[in-house]
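**Student:** Quick one: the structure is below, questions incoming.
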Amino acid sequence: MFKAFRIFVLLVILLVVGATALMQRWQAQSWRRPQVITLYPINMDGNPSTEAYLDQLGEGAFADIEPYFQAEARRYGLALNPPVRVVLGRRVRELPPPVPREAGPLSAISWSLKMRWWAWRKTPPSSPVPDVRLYLLYHPGDFNGPLPHSTGLEKGRMGLVHLFASRAQQGPNQVVIAHEALHTFGATDKYDLSTLMPLYPEGYAAPDQQPTLPQDQAELMAGRIPVRPNEARMPATLAQTVMGRKTAEEINWIKP
Ligand SMILES: [Zn+2]
């Protein structure tokens with residue numbers, strides 16, 4: 001009897017979790033009203049130059065994102081205008097739980113739960129109510145070496161985005177933000193995880209172009225502009241990127 005009750009409780013929990021996931025997916029992909037993407041800046045290592053940059057940070061640093069989504073949506077015939085609104089939220093003073101180093105499914109699940117618990121407690125209130133929450137983790141502008149990998153969670157509709165605290169980097173920063181935002185709408189990466197090279201054809205901005213290389217733009221979810229068979233460069237601004245057909249299908253702007 002007790003066992004049957006336990007199974008019943010577990011089934012109810014599973015049902016609720018499943019229904020919530022479906023509901024979130026529907027909200028993320030219905031495009032019935034503009035989706036509010038709220039950005040929460042965080043000083044990643046307490047650096048004073050990062051602090052000075054964040055003190056003067058305004059919505060102007062993210063001004064390319066809305067018109068970019070608008071232009072791309074129009075290209076795919078989406079009636080909603082604008083598809084997203086970008087809002088600069090208040091700063092968050094505490095760091096999110098660190099992303100696990102080893103990529104096991106259990107550590108990923110445990111981190112995703114910790115992350116949601118952290119977000120629930122630490123996210124400052126903002127208006128309008130966010131649909132997508134992106135935590136912007138700023139590193140000093142003269143940070144040496146590659147930044148840690150950014151993470152966009154489709155489930156939970158949030159992401160951790162590693163950026164440089166520098167005016168000169170505002171173009172590339174917006175590319176990274178738009179990329180992680182698209183993950184929360186269901187888009188997948190379109191580059192080879194080991195070589196970081198864009199995948200052909202879905203990771204190319206103009207896959208039908210002849211000759212195929214060099215390309216002039218990056219597919220946003222591939223993240224880089226392929227110029228030679230083993231060489232790709234980072235786009236400097238969103239203007240050097242497009243959302244490809246596959247990405248537009250994944251976020252439900254067009255039917256496959
Ligand atoms: Zn990605």
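Residues are named by chain letter and number: chains run A, B, ... in the order of the structure tokens, numbers start at 1 in each chain, and ligands are numbered from 1 in the order shown.
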Residues contacting ligand 1 - anything with an atom at most 7 Å away, using only C-alpha atoms and all ligand atoms - can you give me those as a count of residues only?
**Tutor:** 8
**Student:** Identify, on the basis of only C-alpha atoms, every residue whose closest approach to Glu249 in chain A does not exceed 12 Å; exclude the query and any residue fewer than 2 positions from it along the same chain; express the result as a list in words.
**Tutor:**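 Near Glu249 in chain A, the qualifying residues are Gln29, Ala73, Tyr76, Leu78, Leu182, Phe185, Gly186, Ala187, Thr188, Glu202, Met243, Gly244, Arg245, Lys246, Thr247, Ile251, Asn252, Trp253, Ile254, Lys255 and Pro256 of chain A.
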**Student:** If you count only C-alpha atoms, which residues fall within 9 Å of Asn47 in chain A, apart from same-chain ones fewer than 4 positions away, as a ChimeraX atom specification?
**Tutor:** /A:43,51-52,139-140
**Student:** Under the rule that only C-alpha atoms are counted, which of A:Gln174, A:Ser107, A:Thr184, A:Gln56 is the nearest residue to Tyr68 in chain A?
**Tutor:** A:Gln174
**Student:** Just asking: which residues within range 19-255 of chain A are strand (DSSP E or B) according to DSSP, as a ChimeraX atom specification?
**Tutor:** /A:35-43,84-88,132-140,151-153,158-165,191,198,204,218-219,225-228,231-233,241-242
**Student:** I need the chosen residues saved as a compact mmCIF listing (two decimals), in the first residue's frame, with N, CA and C atoms.
**Tutor:**
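Wrote result33.txt, looks like this:
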# COMPACT_ATOMS: atom_id res chain seq x y z
N GLN A 35 9.24 38.72 -26.40
CA GLN A 35 9.85 38.03 -25.28
C GLN A 35 10.84 38.99 -24.60
N VAL A 36 10.68 39.16 -23.30
CA VAL A 36 11.53 40.09 -22.55
C VAL A 36 12.81 39.37 -22.11
N ILE A 37 13.95 39.87 -22.61
CA ILE A 37 15.25 39.32 -22.21
C ILE A 37 15.87 40.32 -21.24
N THR A 38 15.98 39.93 -19.98
CA THR A 38 16.55 40.85 -18.98
C THR A 38 17.99 40.45 -18.69
N LEU A 39 18.86 41.46 -18.67
CA LEU A 39 20.31 41.25 -18.50
C LEU A 39 20.73 41.70 -17.11
N TYR A 40 21.43 40.84 -16.39
CA TYR A 40 21.89 41.16 -15.04
C TYR A 40 23.41 41.14 -14.99
N PRO A 41 24.05 42.34 -14.96
CA PRO A 41 25.52 42.36 -14.94
C PRO A 41 26.09 41.91 -13.59
N ILE A 42 27.20 41.19 -13.66
CA ILE A 42 27.89 40.69 -12.47
C ILE A 42 29.40 40.93 -12.66
N ASN A 43 30.05 41.48 -11.63
CA ASN A 43 31.51 41.62 -11.66
C ASN A 43 32.10 40.28 -11.22
N VAL A 84 11.69 40.49 -29.65
CA VAL A 84 12.26 40.51 -28.30
C VAL A 84 12.42 41.95 -27.81
N ARG A 85 12.37 42.09 -26.50
CA ARG A 85 12.75 43.36 -25.86
C ARG A 85 13.92 43.08 -24.95
N VAL A 86 14.93 43.92 -25.02
CA VAL A 86 16.11 43.74 -24.17
C VAL A 86 16.06 44.77 -23.05
N VAL A 87 16.12 44.31 -21.81
CA VAL A 87 16.02 45.19 -20.66
C VAL A 87 17.28 45.01 -19.81
N LEU A 88 17.88 46.14 -19.41
CA LEU A 88 19.03 46.05 -18.50
C LEU A 88 18.52 46.02 -17.07
N VAL A 132 13.24 35.70 -20.24
CA VAL A 132 14.57 35.10 -20.29
C VAL A 132 15.48 35.92 -19.39
N ARG A 133 16.24 35.23 -18.54
CA ARG A 133 17.18 35.93 -17.66
C ARG A 133 18.60 35.54 -18.06
N LEU A 134 19.39 36.55 -18.43
CA LEU A 134 20.79 36.29 -18.77
C LEU A 134 21.67 37.00 -17.76
N TYR A 135 22.53 36.24 -17.12
CA TYR A 135 23.47 36.80 -16.15
C TYR A 135 24.77 37.06 -16.88
N LEU A 136 25.17 38.34 -16.92
CA LEU A 136 26.35 38.74 -17.69
C LEU A 136 27.55 38.77 -16.76
N LEU A 137 28.46 37.84 -16.95
CA LEU A 137 29.63 37.70 -16.08
C LEU A 137 30.80 38.45 -16.72
N TYR A 138 31.11 39.63 -16.16
CA TYR A 138 32.13 40.48 -16.77
C TYR A 138 33.52 40.20 -16.22
N HIS A 139 34.45 40.06 -17.17
CA HIS A 139 35.87 39.90 -16.86
C HIS A 139 36.59 41.18 -17.28
N PRO A 140 37.75 41.48 -16.66
CA PRO A 140 38.48 42.69 -17.04
C PRO A 140 38.77 42.72 -18.54
N THR A 151 26.91 29.62 -21.19
CA THR A 151 25.93 28.53 -21.13
C THR A 151 24.52 29.11 -21.23
N GLY A 152 23.74 28.62 -22.16
CA GLY A 152 22.33 29.01 -22.24
C GLY A 152 21.48 27.80 -21.97
N LEU A 153 20.58 27.90 -20.98
CA LEU A 153 19.72 26.76 -20.63
C LEU A 153 18.35 26.96 -21.23
N MET A 158 17.29 30.57 -18.94
CA MET A 158 18.29 31.48 -18.41
C MET A 158 19.65 31.10 -18.98
N GLY A 159 20.62 32.00 -18.80
CA GLY A 159 21.95 31.70 -19.30
C GLY A 159 23.02 32.47 -18.55
N LEU A 160 24.23 31.92 -18.57
CA LEU A 160 25.40 32.59 -18.02
C LEU A 160 26.26 33.01 -19.21
N VAL A 161 26.56 34.31 -19.30
CA VAL A 161 27.26 34.82 -20.46
C VAL A 161 28.55 35.50 -20.03
N HIS A 162 29.68 34.98 -20.48
CA HIS A 162 30.98 35.56 -20.12
C HIS A 162 31.35 36.66 -21.11
N LEU A 163 31.68 37.85 -20.58
CA LEU A 163 31.93 39.00 -21.45
C LEU A 163 33.15 39.78 -20.96
N PHE A 164 33.63 40.67 -21.84
CA PHE A 164 34.72 41.57 -21.48
C PHE A 164 34.16 42.91 -21.05
N ALA A 165 34.69 43.45 -19.94
CA ALA A 165 34.26 44.76 -19.47
C ALA A 165 35.05 45.83 -20.20
N TYR A 191 28.45 24.30 -34.46
CA TYR A 191 29.88 24.18 -34.70
C TYR A 191 30.36 22.86 -34.13
N PRO A 198 32.65 25.95 -37.78
CA PRO A 198 31.22 25.88 -38.15
C PRO A 198 30.92 24.61 -38.95
N TYR A 204 26.74 27.71 -41.78
CA TYR A 204 27.23 28.72 -42.73
C TYR A 204 26.14 29.75 -42.99
N ALA A 218 28.91 35.17 -40.19
CA ALA A 218 28.80 33.96 -39.38
C ALA A 218 27.33 33.60 -39.23
N GLU A 219 27.02 32.31 -39.16
CA GLU A 219 25.70 31.89 -38.69
C GLU A 219 25.79 32.07 -37.17
N ILE A 225 33.04 32.99 -38.44
CA ILE A 225 32.99 33.14 -39.89
C ILE A 225 34.04 32.23 -40.50
N PRO A 226 33.64 31.18 -41.23
CA PRO A 226 34.65 30.30 -41.84
C PRO A 226 35.34 31.02 -43.00
N VAL A 227 36.67 31.07 -42.96
CA VAL A 227 37.39 31.76 -44.04
C VAL A 227 38.23 30.79 -44.88
N ARG A 228 38.76 29.75 -44.24
CA ARG A 228 39.53 28.71 -44.93
C ARG A 228 39.13 27.38 -44.33
N GLU A 231 40.08 27.39 -40.75
CA GLU A 231 40.23 28.69 -40.11
C GLU A 231 38.91 29.44 -40.12
N ALA A 232 38.57 29.97 -38.94
CA ALA A 232 37.35 30.76 -38.83
C ALA A 232 37.64 31.92 -37.90
N ARG A 233 37.00 33.08 -38.16
CA ARG A 233 37.28 34.21 -37.27
C ARG A 233 36.00 34.66 -36.58
N THR A 241 26.70 38.76 -38.65
CA THR A 241 26.09 37.44 -38.41
C THR A 241 24.67 37.40 -38.97
N VAL A 242 24.18 36.19 -39.21
CA VAL A 242 22.77 35.98 -39.56
C VAL A 242 22.27 34.75 -38.81
**Student:** Between CA of Leu147 in chain A and CA of Lys122 in chain A, measure the distance and give it in Å to one decimal.
**Tutor:**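 CA of Lys122 in chain A lies 23.6 Å from CA of Leu147 in chain A.
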**Student:** Out of A:Val99, A:Met234, A:Ala181, A:Val17, which residue has the shortest atom-to-atom distance to Pro148 in chain A when counting only C-alpha atoms?
**Tutor:** A:Val99
**Student:** Using only C-alpha atoms, can you tell me which of A:Pro172, A:Gly145, A:Gly223, A:Pro207 comes closest to Asp192 in chain A?
**Tutor:**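 Distance minimum relative to Asp192 in chain A lands on A:Gly223.
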